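Undergrad: What follows is protein-v6.cif, mmCIF, C-alpha atoms, pLDDT in the B column; chains and numbers go by the auth columns.
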```cif
data_data
loop_
_atom_site.group_PDB
_atom_site.id
_atom_site.type_symbol
_atom_site.label_atom_id
_atom_site.label_comp_id
_atom_site.label_asym_id
_atom_site.label_seq_id
_atom_site.Cartn_x
_atom_site.Cartn_y
_atom_site.Cartn_z
_atom_site.B_iso_or_equiv
_atom_site.auth_seq_id
_atom_site.auth_asym_id
ATOM 1 C CA MET A 1 26.409 32.946 20.007 83.00 4 A
ATOM 2 C CA ASP A 2 29.972 34.234 19.706 86.00 5 A
ATOM 3 C CA VAL A 3 29.438 34.985 16.003 88.00 6 A
ATOM 4 C CA ILE A 4 26.423 37.175 16.846 89.00 7 A
ATOM 5 C CA LEU A 5 28.213 39.006 19.642 89.00 8 A
ATOM 6 C CA GLN A 6 31.202 39.656 17.376 90.00 9 A
ATOM 7 C CA ALA A 7 28.953 41.045 14.642 90.00 10 A
ATOM 8 C CA ILE A 8 27.341 43.399 17.156 87.00 11 A
ATOM 9 C CA SER A 9 30.761 44.502 18.389 89.00 12 A
ATOM 10 C CA ASN A 10 31.795 45.261 14.793 90.00 13 A
ATOM 11 C CA THR A 11 28.708 47.413 14.124 88.00 14 A
ATOM 12 C CA PRO A 12 29.233 50.977 15.453 85.00 15 A
ATOM 13 C CA SER A 13 25.535 51.782 15.861 86.00 16 A
ATOM 14 C CA LEU A 14 25.051 48.675 18.043 87.00 17 A
ATOM 15 C CA SER A 15 28.342 48.152 19.863 81.00 18 A
ATOM 16 C CA GLU A 16 27.450 50.568 22.663 81.00 19 A
ATOM 17 C CA SER A 17 23.652 50.382 22.647 82.00 20 A
ATOM 18 C CA LEU A 18 23.330 46.584 22.849 80.00 21 A
ATOM 19 C CA ASP A 19 24.761 45.021 25.995 80.00 22 A
ATOM 20 C CA LEU A 20 24.060 41.300 25.716 85.00 23 A
ATOM 21 C CA SER A 21 25.290 38.724 28.183 84.00 24 A
ATOM 22 C CA SER A 22 27.977 36.366 26.891 84.00 25 A
ATOM 23 C CA ASP A 23 26.830 33.682 29.346 83.00 26 A
ATOM 24 C CA ILE A 24 24.909 31.100 27.349 82.00 27 A
ATOM 25 C CA ASN A 25 23.149 29.932 30.515 82.00 28 A
ATOM 26 C CA PHE A 26 21.545 33.353 30.887 86.00 29 A
ATOM 27 C CA TYR A 27 19.278 32.735 27.902 84.00 30 A
ATOM 28 C CA THR A 28 16.381 30.492 28.843 88.00 31 A
ATOM 29 C CA ASP A 29 12.797 31.301 27.872 88.00 32 A
ATOM 30 C CA GLN A 30 13.068 35.092 27.436 88.00 33 A
ATOM 31 C CA TYR A 31 11.689 34.724 23.907 90.00 34 A
ATOM 32 C CA ASN A 32 8.241 34.571 25.558 90.00 35 A
ATOM 33 C CA ASP A 33 8.784 37.634 27.767 91.00 36 A
ATOM 34 C CA GLU A 34 7.404 40.763 26.086 90.00 37 A
ATOM 35 C CA SER A 35 9.023 42.988 28.720 90.00 38 A
ATOM 36 C CA GLU A 36 12.492 41.910 27.592 91.00 39 A
ATOM 37 C CA SER A 37 14.426 43.725 24.881 91.00 40 A
ATOM 38 C CA PRO A 38 14.047 42.396 21.333 93.00 41 A
ATOM 39 C CA ALA A 39 17.748 41.486 21.222 93.00 42 A
ATOM 40 C CA VAL A 40 17.558 39.375 24.392 93.00 43 A
ATOM 41 C CA ARG A 41 14.417 37.662 23.121 94.00 44 A
ATOM 42 C CA ALA A 42 16.097 37.016 19.774 94.00 45 A
ATOM 43 C CA MET A 43 19.196 35.535 21.382 92.00 46 A
ATOM 44 C CA SER A 44 17.025 33.341 23.583 94.00 47 A
ATOM 45 C CA TRP A 45 15.112 32.177 20.500 93.00 48 A
ATOM 46 C CA ALA A 46 18.309 31.547 18.550 91.00 49 A
ATOM 47 C CA LEU A 47 19.856 29.433 21.288 90.00 50 A
ATOM 48 C CA ASN A 48 16.790 27.498 22.405 90.00 51 A
ATOM 49 C CA LEU A 49 14.335 27.208 19.516 88.00 52 A
ATOM 50 C CA ASP A 50 16.100 27.882 16.229 87.00 53 A
ATOM 51 C CA GLN A 51 16.688 24.464 14.704 76.00 54 A
ATOM 52 C CA ALA A 52 18.453 25.917 11.679 69.00 55 A
ATOM 53 C CA ILE A 53 21.073 27.907 13.608 52.00 56 A
ATOM 54 C CA HIS A 54 23.911 25.720 12.307 52.00 57 A
ATOM 55 C CA GLY A 55 22.418 25.115 8.896 56.00 58 A
ATOM 56 C CA ILE A 56 20.961 26.967 6.000 61.00 59 A
ATOM 57 C CA ASP A 57 21.350 30.690 6.757 70.00 60 A
ATOM 58 C CA SER A 58 23.650 33.218 8.312 86.00 61 A
ATOM 59 C CA VAL A 59 23.302 32.987 12.084 90.00 62 A
ATOM 60 C CA VAL A 60 23.632 36.760 12.293 93.00 63 A
ATOM 61 C CA ASP A 61 20.873 37.339 9.728 94.00 64 A
ATOM 62 C CA ARG A 62 18.494 35.047 11.608 94.00 65 A
ATOM 63 C CA PHE A 63 19.231 36.848 14.878 95.00 66 A
ATOM 64 C CA ALA A 64 18.747 40.269 13.270 96.00 67 A
ATOM 65 C CA LEU A 65 15.417 39.300 11.729 97.00 68 A
ATOM 66 C CA ALA A 66 14.247 37.764 14.994 96.00 69 A
ATOM 67 C CA SER A 67 15.104 41.025 16.794 95.00 70 A
ATOM 68 C CA PHE A 68 13.172 42.943 14.161 97.00 71 A
ATOM 69 C CA TYR A 69 10.195 40.586 14.593 97.00 72 A
ATOM 70 C CA PHE A 70 10.132 41.022 18.370 96.00 73 A
ATOM 71 C CA GLY A 71 10.766 44.778 18.175 95.00 74 A
ATOM 72 C CA THR A 72 7.881 45.347 15.762 96.00 75 A
ATOM 73 C CA GLN A 73 5.394 43.010 17.481 95.00 76 A
ATOM 74 C CA GLY A 74 5.576 40.364 14.817 96.00 77 A
ATOM 75 C CA LYS A 75 2.974 38.131 16.465 96.00 78 A
ATOM 76 C CA ASP A 76 0.408 40.826 15.574 97.00 79 A
ATOM 77 C CA TRP A 77 1.455 41.270 11.949 98.00 80 A
ATOM 78 C CA THR A 78 -1.225 40.610 9.372 98.00 81 A
ATOM 79 C CA ASN A 79 1.015 37.969 7.806 98.00 82 A
ATOM 80 C CA ASN A 80 3.977 36.441 9.635 97.00 83 A
ATOM 81 C CA ASN A 81 4.028 33.154 7.745 97.00 84 A
ATOM 82 C CA LYS A 82 7.149 31.059 8.441 95.00 85 A
ATOM 83 C CA TRP A 83 8.752 33.751 10.645 97.00 86 A
ATOM 84 C CA LEU A 84 10.753 32.207 13.505 94.00 87 A
ATOM 85 C CA GLN A 85 9.906 28.695 12.384 89.00 88 A
ATOM 86 C CA GLY A 86 13.264 27.215 13.269 76.00 89 A
ATOM 87 C CA SER A 87 13.382 24.610 10.520 82.00 90 A
ATOM 88 C CA SER A 88 12.732 27.090 7.683 88.00 91 A
ATOM 89 C CA SER A 89 15.181 29.278 5.783 91.00 92 A
ATOM 90 C CA ILE A 90 14.743 33.035 6.137 93.00 93 A
ATOM 91 C CA CYS A 91 14.201 33.038 2.365 94.00 94 A
ATOM 92 C CA GLU A 92 10.867 31.324 3.078 94.00 95 A
ATOM 93 C CA TRP A 93 9.748 33.898 5.645 96.00 96 A
ATOM 94 C CA TYR A 94 6.940 36.127 4.407 98.00 97 A
ATOM 95 C CA GLY A 95 8.277 39.355 2.865 98.00 98 A
ATOM 96 C CA VAL A 96 11.939 38.259 2.811 97.00 99 A
ATOM 97 C CA LEU A 97 13.562 37.877 -0.598 97.00 100 A
ATOM 98 C CA CYS A 98 16.954 36.315 -1.288 95.00 101 A
ATOM 99 C CA ASP A 99 19.196 36.030 -4.317 93.00 102 A
ATOM 100 C CA ARG A 100 20.067 32.734 -5.984 91.00 103 A
ATOM 101 C CA SER A 101 22.877 32.090 -3.537 88.00 104 A
ATOM 102 C CA GLY A 102 20.539 32.496 -0.558 88.00 105 A
ATOM 103 C CA SER A 103 21.791 35.911 0.531 91.00 106 A
ATOM 104 C CA LEU A 104 19.100 38.208 1.915 95.00 107 A
ATOM 105 C CA GLU A 105 18.449 41.157 -0.414 96.00 108 A
ATOM 106 C CA ASP A 106 14.993 42.564 0.260 97.00 109 A
ATOM 107 C CA ILE A 107 12.472 42.933 3.083 98.00 110 A
ATOM 108 C CA SER A 108 9.009 43.980 1.930 98.00 111 A
ATOM 109 C CA LEU A 109 6.210 44.061 4.509 98.00 112 A
ATOM 110 C CA VAL A 110 3.684 46.474 3.025 98.00 113 A
ATOM 111 C CA ASP A 111 0.411 47.087 4.895 98.00 114 A
ATOM 112 C CA ASN A 112 1.248 44.351 7.380 98.00 115 A
ATOM 113 C CA ASN A 113 0.544 46.008 10.757 98.00 116 A
ATOM 114 C CA VAL A 114 4.263 46.385 11.487 98.00 117 A
ATOM 115 C CA ALA A 115 4.456 48.587 14.599 97.00 118 A
ATOM 116 C CA ASN A 116 7.475 49.422 16.752 95.00 119 A
ATOM 117 C CA ASN A 117 6.944 48.821 20.463 88.00 120 A
ATOM 118 C CA VAL A 118 6.992 52.363 21.862 87.00 121 A
ATOM 119 C CA GLN A 119 6.508 51.096 25.419 84.00 122 A
ATOM 120 C CA LEU A 120 9.978 49.570 25.191 85.00 123 A
ATOM 121 C CA ASP A 121 11.297 52.669 23.387 89.00 124 A
ATOM 122 C CA ILE A 122 11.931 50.722 20.184 90.00 125 A
ATOM 123 C CA PRO A 123 12.684 53.078 17.264 92.00 126 A
ATOM 124 C CA PRO A 124 10.673 52.767 14.043 94.00 127 A
ATOM 125 C CA ILE A 125 13.620 51.022 12.409 92.00 128 A
ATOM 126 C CA PRO A 126 15.140 48.643 14.993 90.00 129 A
ATOM 127 C CA GLY A 127 18.903 48.979 15.082 90.00 130 A
ATOM 128 C CA GLU A 128 19.515 45.245 14.709 93.00 131 A
ATOM 129 C CA LEU A 129 18.680 45.569 11.011 94.00 132 A
ATOM 130 C CA ALA A 130 22.142 47.101 10.648 93.00 133 A
ATOM 131 C CA LEU A 131 23.478 43.541 10.995 94.00 134 A
ATOM 132 C CA LEU A 132 21.940 42.605 7.633 95.00 135 A
ATOM 133 C CA SER A 133 25.038 43.325 5.567 92.00 136 A
ATOM 134 C CA THR A 134 23.534 42.240 2.225 94.00 137 A
ATOM 135 C CA LEU A 135 20.163 44.009 2.529 96.00 138 A
ATOM 136 C CA LYS A 136 19.575 46.207 -0.531 96.00 139 A
ATOM 137 C CA SER A 137 15.913 47.190 -0.168 97.00 140 A
ATOM 138 C CA LEU A 138 13.698 47.817 2.872 97.00 141 A
ATOM 139 C CA THR A 139 10.004 48.464 2.243 98.00 142 A
ATOM 140 C CA LEU A 140 7.740 49.026 5.248 98.00 143 A
ATOM 141 C CA SER A 141 5.098 51.209 3.623 97.00 144 A
ATOM 142 C CA SER A 142 1.567 51.624 5.030 98.00 145 A
ATOM 143 C CA ASN A 143 2.272 50.341 8.514 98.00 146 A
ATOM 144 C CA GLU A 144 2.153 51.734 12.064 97.00 147 A
ATOM 145 C CA LEU A 145 5.743 52.880 12.579 97.00 148 A
ATOM 146 C CA VAL A 146 5.916 55.756 15.058 96.00 149 A
ATOM 147 C CA GLY A 147 8.632 58.228 16.056 94.00 150 A
ATOM 148 C CA GLY A 148 11.721 59.816 14.558 92.00 151 A
ATOM 149 C CA LEU A 149 14.345 58.448 12.212 90.00 152 A
ATOM 150 C CA SER A 150 17.995 58.083 13.143 85.00 153 A
ATOM 151 C CA SER A 151 20.617 57.805 10.431 84.00 154 A
ATOM 152 C CA ALA A 152 22.937 55.728 12.666 83.00 155 A
ATOM 153 C CA THR A 153 21.295 52.430 11.761 82.00 156 A
ATOM 154 C CA PHE A 154 21.236 53.199 8.041 87.00 157 A
ATOM 155 C CA LEU A 155 24.868 54.334 7.984 85.00 158 A
ATOM 156 C CA ASP A 156 25.894 50.799 8.952 89.00 159 A
ATOM 157 C CA MET A 157 23.777 49.262 6.178 89.00 160 A
ATOM 158 C CA GLU A 158 26.357 49.556 3.408 86.00 161 A
ATOM 159 C CA SER A 159 24.331 47.676 0.779 92.00 162 A
ATOM 160 C CA LEU A 160 21.043 49.524 1.303 93.00 163 A
ATOM 161 C CA SER A 161 19.940 51.500 -1.758 92.00 164 A
ATOM 162 C CA THR A 162 16.133 51.573 -1.463 94.00 165 A
ATOM 163 C CA LEU A 163 14.146 52.695 1.584 94.00 166 A
ATOM 164 C CA ASN A 164 10.347 52.908 1.490 96.00 167 A
ATOM 165 C CA LEU A 165 8.671 54.130 4.671 96.00 168 A
ATOM 166 C CA ASP A 166 5.745 56.026 3.178 95.00 169 A
ATOM 167 C CA ASN A 167 2.360 56.151 4.902 96.00 170 A
ATOM 168 C CA ASN A 168 3.428 55.512 8.471 96.00 171 A
ATOM 169 C CA LYS A 169 3.370 57.803 11.513 95.00 172 A
ATOM 170 C CA LEU A 170 6.947 59.072 11.486 94.00 173 A
ATOM 171 C CA THR A 171 7.690 62.445 13.068 92.00 174 A
ATOM 172 C CA GLY A 172 10.608 64.848 13.400 90.00 175 A
ATOM 173 C CA THR A 173 13.045 65.785 10.673 87.00 176 A
ATOM 174 C CA ILE A 174 14.925 63.890 7.990 86.00 177 A
ATOM 175 C CA PRO A 175 18.443 63.251 9.365 84.00 178 A
ATOM 176 C CA ARG A 176 20.974 65.553 7.679 79.00 179 A
ATOM 177 C CA ASP A 177 23.437 62.736 7.078 80.00 180 A
ATOM 178 C CA LEU A 178 20.885 60.329 5.562 79.00 181 A
ATOM 179 C CA PRO A 179 22.351 61.093 2.096 72.00 182 A
ATOM 180 C CA ASP A 180 25.635 59.576 3.292 77.00 183 A
ATOM 181 C CA VAL A 181 23.930 56.179 3.430 80.00 184 A
ATOM 182 C CA GLY A 182 24.099 55.931 -0.363 83.00 185 A
ATOM 183 C CA LEU A 183 20.375 55.645 -1.032 86.00 186 A
ATOM 184 C CA SER A 184 19.227 55.958 -4.622 88.00 187 A
ATOM 185 C CA THR A 185 15.508 55.658 -3.853 90.00 188 A
ATOM 186 C CA PHE A 186 13.476 56.542 -0.810 88.00 189 A
ATOM 187 C CA TYR A 187 9.882 57.371 -0.017 92.00 190 A
ATOM 188 C CA LEU A 188 8.851 59.130 3.187 91.00 191 A
ATOM 189 C CA ASN A 189 5.585 60.716 2.056 91.00 192 A
ATOM 190 C CA GLY A 190 2.428 60.188 4.075 93.00 193 A
ATOM 191 C CA ASN A 191 4.148 60.811 7.418 93.00 194 A
ATOM 192 C CA ASP A 192 4.366 63.843 9.741 91.00 195 A
ATOM 193 C CA LEU A 193 7.930 64.889 8.965 88.00 196 A
ATOM 194 C CA THR A 194 8.988 68.535 9.042 85.00 197 A
ATOM 195 C CA GLY A 195 12.126 70.606 8.556 82.00 198 A
ATOM 196 C CA ILE A 196 14.409 70.938 5.547 79.00 199 A
ATOM 197 C CA PHE A 197 15.257 68.383 2.896 77.00 200 A
ATOM 198 C CA PRO A 198 18.945 67.401 3.341 76.00 201 A
ATOM 199 C CA GLN A 199 21.043 69.601 1.047 71.00 202 A
ATOM 200 C CA LYS A 200 23.261 66.700 -0.040 72.00 203 A
ATOM 201 C CA PHE A 201 20.280 65.289 -1.886 71.00 204 A
ATOM 202 C CA CYS A 202 19.959 68.503 -3.901 64.00 205 A
ATOM 203 C CA ARG A 203 21.230 69.141 -7.405 55.00 206 A
ATOM 204 C CA GLY A 204 24.730 70.571 -7.454 48.00 207 A
ATOM 205 C CA GLN A 205 25.627 69.571 -3.906 51.00 208 A
ATOM 206 C CA THR A 206 27.455 66.346 -4.782 50.00 209 A
ATOM 207 C CA GLY A 207 28.021 66.833 -8.494 51.00 210 A
ATOM 208 C CA PRO A 208 26.033 67.811 -11.597 45.00 211 A
ATOM 209 C CA GLU A 209 23.160 65.478 -10.685 52.00 212 A
ATOM 210 C CA PRO A 210 21.588 64.649 -7.318 55.00 213 A
ATOM 211 C CA PRO A 211 22.316 61.136 -6.001 66.00 214 A
ATOM 212 C CA LEU A 212 18.646 60.174 -5.868 74.00 215 A
ATOM 213 C CA ILE A 213 16.887 58.396 -8.702 81.00 216 A
ATOM 214 C CA ALA A 214 13.471 58.724 -7.065 82.00 217 A
ATOM 215 C CA PHE A 215 12.007 60.001 -3.822 81.00 218 A
ATOM 216 C CA GLY A 216 8.672 60.891 -2.254 83.00 219 A
ATOM 217 C CA ILE A 217 8.170 63.519 0.440 81.00 220 A
ATOM 218 C CA ASP A 218 5.349 65.763 1.650 80.00 221 A
ATOM 219 C CA CYS A 219 6.272 69.343 0.742 74.00 222 A
ATOM 220 C CA GLN A 220 5.327 72.494 2.616 63.00 223 A
ATOM 221 C CA SER A 221 2.446 74.161 0.825 57.00 224 A
ATOM 222 C CA THR A 222 3.478 77.708 1.867 52.00 225 A
ATOM 223 C CA SER A 223 6.549 79.388 3.281 51.00 226 A
ATOM 224 C CA THR A 224 4.773 79.863 6.613 51.00 227 A
ATOM 225 C CA ASP A 225 3.362 76.354 6.795 52.00 228 A
ATOM 226 C CA ASN A 226 5.062 74.313 9.528 55.00 229 A
ATOM 227 C CA SER A 227 3.826 71.004 8.182 56.00 230 A
ATOM 228 C CA GLY A 228 5.703 69.026 5.563 58.00 231 A
ATOM 229 C CA VAL A 229 9.313 69.307 4.436 66.00 232 A
ATOM 230 C CA ARG A 230 10.884 72.293 2.682 65.00 233 A
ATOM 231 C CA LEU A 231 12.674 71.153 -0.466 61.00 234 A
ATOM 232 C CA CYS A 232 15.999 72.345 -1.845 50.00 235 A
ATOM 233 C CA ALA A 233 16.143 76.081 -2.404 43.00 236 A
#
```
The structure in this file should be written as structure tokens.

TA:
Amino acid sequence: MDVILQAISNTPSLSESLDLSSDINFYTDQYNDESESPAVRAMSWALNLDQAIHGIDSVVDRFALASFYFGTQGKDWTNNNKWLQGSSSICEWYGVLCDRSGSLEDISLVDNNVANNVQLDIPPIPGELALLSTLKSLTLSSNELVGGLSSATFLDMESLSTLNLDNNKLTGTIPRDLPDVGLSTFYLNGNDLTGIFPQKFCRGQTGPEPPLIAFGIDCQSTSTDNSGVRLCA
């Protein structure tokens, strides 16, 4: 438990927002309580049910993925094979890909009924994913993610280069500092985003070429149209 709490303390986007008890006796059967926060449920699961907590994977990675599962109503996913089965490696969990050394690299849960719990005010990308220090690619296309994006979580994901959130129900604007994350590929088309495309993604803003290799976004069809995103001028 101390390793998880230390990782949270070392992650700026989580250190103030997550206030978890350090008393191991506090965590009993909260993993079954849908009114509890995903982080509390994940800690309860890790301490009481996770048989592999001292074995095959990073304890922090298992906690982060469990928080993501609880925060996006994993029991209702179309496919949640092996998720939270305590004796299995995270590399066996549906949609999780690891490299040869067993480090988590990719989460891909396309068209899988992934939906953030808005009743608990869970953002479309749960902040606990920032604990996945080796995650390079996150693909949650064609799901039921609702609400606005915050760059805070992504700014702590130093290895993330690919972000695919197309065809969800995201609203609001693209965070201005999202380019600072270091993404080379992202897709946000098929949502209800508005505003202006971050200038740092535009040609000439950070050098002779824009930092993006590929992106997808819904553009405004006219100068007076309030729907879609206005691209670089």

Undergrad: My list of candidates is A:Asp102, A:Val117, A:Asp32, A:Leu135. Which is closest to Ile7 in chain A when distances are computed with all atoms listed in the file?

TA: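 Closest candidate: A:Leu135.
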
Undergrad: Need to verify the contact set: Asp183 in chain A, 8 Å, all atoms listed in the file, exclusion of same-chain residues closer than 3 positions in sequence. Can you return it as number ranges by chain?

TA: A: 158, 180, 186

Undergrad: Any chance you could export the current selection's C-alpha atoms as an mmCIF file, in the frame of the given file?

TA:
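That gives us out_23.cif:
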```
data_model
loop_
_atom_site.group_PDB
_atom_site.id
_atom_site.type_symbol
_atom_site.label_atom_id
_atom_site.label_comp_id
_atom_site.auth_asym_id
_atom_site.auth_seq_id
_atom_site.Cartn_x
_atom_site.Cartn_y
_atom_site.Cartn_z
ATOM 1 C CA LEU A 158 24.868 54.334 7.984
ATOM 2 C CA ASP A 180 23.437 62.736 7.078
ATOM 3 C CA LEU A 186 20.375 55.645 -1.032
#
```

Undergrad: Pick out the residues sitting within 8 Å of Ser111 in chain A, and hand them over as a VMD selection string; count all atoms listed in the file, and ignore anything fewer than 6 positions along from it in its own chain.

TA: chain A and resid 98 to 99 140 to 143

Undergrad: Evaluate the PyMOL selection byres ((chain A and resi 49-54) around 9) here and jot the selected residues down as a list in words.

TA: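 That selection, the PyMOL selection byres ((chain A and resi 49-54) around 9), comes back as Met4, Ile27, Tyr30, Thr31, Asp32, Tyr34, Arg44, Ala45, Met46, Ser47, Trp48, Ala55, Ile56, His57, Gly58, Val62, Arg65, Phe66, Ala69, Leu87, Gln88, Gly89, Ser90 and Ser91 of chain A.
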
Undergrad: Could you check the closest approach to Leu138 in chain A for each of A:Asp64, A:Asp195, A:Glu95, A:Asp114 and tell me which residue wins, using only C-alpha atoms?

TA: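 Closest to Leu138 in chain A, using only C-alpha atoms: A:Asp64.
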
Undergrad: With a distance cut-off of 10 Å and only C-alpha atoms, select the neighbouring residues of Gly219 in chain A, excluding the residue or stretch itself and same-chain residues fewer than 2 positions from it, and output the selection as a PyMOL selection string.

TA: chain A and resi 167-169+188-193+217+221-222

Undergrad: With C-alpha atoms retained, export the selected residues as a PDB file, in the frame of the given file.

TA:
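Final output, again_29.pdb:
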```
ATOM      1  CA  ASN A 167      10.347  52.908   1.490  1.00 96.00           C
ATOM      2  CA  LEU A 168       8.671  54.130   4.671  1.00 96.00           C
ATOM      3  CA  ASP A 169       5.745  56.026   3.178  1.00 95.00           C
ATOM      4  CA  THR A 188      15.508  55.658  -3.853  1.00 90.00           C
ATOM      5  CA  PHE A 189      13.476  56.542  -0.810  1.00 88.00           C
ATOM      6  CA  TYR A 190       9.882  57.371  -0.017  1.00 92.00           C
ATOM      7  CA  LEU A 191       8.851  59.130   3.187  1.00 91.00           C
ATOM      8  CA  ASN A 192       5.585  60.716   2.056  1.00 91.00           C
ATOM      9  CA  GLY A 193       2.428  60.188   4.075  1.00 93.00           C
ATOM     10  CA  ALA A 217      13.471  58.724  -7.065  1.00 82.00           C
ATOM     11  CA  ASP A 221       5.349  65.763   1.650  1.00 80.00           C
ATOM     12  CA  CYS A 222       6.272  69.343   0.742  1.00 74.00           C
TER      13      CYS A 222
END
```

Undergrad: Compile the contact shell of Asn146 in chain A as a ChimeraX atom specification: residues with an atom at most 8 Å away, counting only C-alpha atoms, same-chain residues fewer than 4 positions apart removed.

TA: /A:113-118,170-171

Undergrad: Which one is closest to Asp5 in chain A: A:Asp60, A:Glu19, A:Glu131, A:Asp26? Count all atoms listed in the file.

TA: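 Checking each candidate against Asp5 in chain A, we get A:Asp26 as the closest.
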
Undergrad: Can you work out the spacing between CA of Gly175 in chain A and CA of Pro126 in chain A in Å, to one decimal?

TA: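 Computing it gives 12.6 Å between the two atoms.
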
Undergrad: So which one's closest to Asp124 in chain A, A:Phe157, A:Lys139, A:Gly150, A:Ser70? Using only C-alpha atoms, please.

TA: A:Gly150

Undergrad: If we count all atoms listed in the file and set the cut-off at 12 Å, which residues sit around Arg103 in chain A, ignoring sequence neighbours fewer than 4 positions away in its own chain? Please answer as a list in words.

TA: Cys94, Leu107 and Glu108 of chain A

Undergrad: So, counting all atoms listed in the file, which residue among A:Ala42, A:Ala133, A:Leu196, A:Cys101 is closest to Leu152 in chain A?

TA: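 Result for the nearest residue to Leu152 in chain A: A:Leu196.
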
Undergrad: Determine the residue membership of the PyMOL selection byres ((chain A and resi 16) around 12) for the file above and supply it as a ChimeraX atom specification.

TA: /A:10-15,17-21,129-134,153-160

Undergrad: Under the PyMOL selection byres ((chain A and resi 83) around 9), which residues of this model are included? Write them out as JSON, numbers by chain.

TA: {"A": [72, 77, 78, 79, 80, 81, 82, 84, 85, 86, 87, 96, 97, 98, 115]}

Undergrad: Please, which residues are within 8 Å of (9.7, 43.2, 19.6) by the file's coordinates, counting all atoms listed in the file, and could they come as a ChimeraX atom specification?

TA: /A:37,40-41,70-77,119-120,125

Undergrad: Could you tell me how far CA of Gly198 in chain A sits from CA of Thr176 in chain A, in Å to one decimal place?

TA: 5.3 Å

Undergrad: If I take CA of Glu161 in chain A and CA of Ser136 in chain A, how far is one from the other in Å, to one decimal?

TA: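 Going from CA of Glu161 in chain A over to CA of Ser136 in chain A covers 6.7 Å.
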
Undergrad: Extract range 131-142 of chain A from the preceding block and save N, CA and C atoms as an mmCIF file, in the first residue's frame.

TA:
```
data_model
loop_
_atom_site.group_PDB
_atom_site.id
_atom_site.type_symbol
_atom_site.label_atom_id
_atom_site.label_comp_id
_atom_site.auth_asym_id
_atom_site.auth_seq_id
_atom_site.Cartn_x
_atom_site.Cartn_y
_atom_site.Cartn_z
ATOM 1 N N GLU A 131 -6.251 8.503 -12.384
ATOM 2 C CA GLU A 131 -5.333 7.460 -11.948
ATOM 3 C C GLU A 131 -4.507 6.878 -13.088
ATOM 4 N N LEU A 132 -4.942 7.089 -14.331
ATOM 5 C CA LEU A 132 -4.141 6.617 -15.461
ATOM 6 C C LEU A 132 -2.786 7.314 -15.522
ATOM 7 N N ALA A 133 -2.670 8.463 -14.870
ATOM 8 C CA ALA A 133 -1.388 9.166 -14.840
ATOM 9 C C ALA A 133 -0.318 8.359 -14.109
ATOM 10 N N LEU A 134 -0.725 7.348 -13.349
ATOM 11 C CA LEU A 134 0.235 6.501 -12.639
ATOM 12 C C LEU A 134 0.899 5.478 -13.555
ATOM 13 N N LEU A 135 0.365 5.324 -14.766
ATOM 14 C CA LEU A 135 0.917 4.340 -15.707
ATOM 15 C C LEU A 135 2.103 4.963 -16.445
ATOM 16 N N SER A 136 3.254 4.890 -15.848
ATOM 17 C CA SER A 136 4.425 5.638 -16.332
ATOM 18 C C SER A 136 4.957 5.131 -17.664
ATOM 19 N N THR A 137 4.623 3.899 -18.062
ATOM 20 C CA THR A 137 5.155 3.359 -19.313
ATOM 21 C C THR A 137 4.117 3.343 -20.437
ATOM 22 N N LEU A 138 2.926 3.865 -20.182
ATOM 23 C CA LEU A 138 1.858 3.818 -21.185
ATOM 24 C C LEU A 138 2.196 4.729 -22.369
ATOM 25 N N LYS A 139 2.224 4.154 -23.567
ATOM 26 C CA LYS A 139 2.550 4.905 -24.775
ATOM 27 C C LYS A 139 1.317 5.240 -25.610
ATOM 28 N N SER A 140 0.302 4.382 -25.564
ATOM 29 C CA SER A 140 -0.863 4.561 -26.429
ATOM 30 C C SER A 140 -2.140 4.264 -25.662
ATOM 31 N N LEU A 141 -3.116 5.181 -25.775
ATOM 32 C CA LEU A 141 -4.420 5.021 -25.131
ATOM 33 C C LEU A 141 -5.496 5.184 -26.193
ATOM 34 N N THR A 142 -6.235 4.119 -26.468
ATOM 35 C CA THR A 142 -7.271 4.137 -27.487
ATOM 36 C C THR A 142 -8.609 3.748 -26.863
#
```
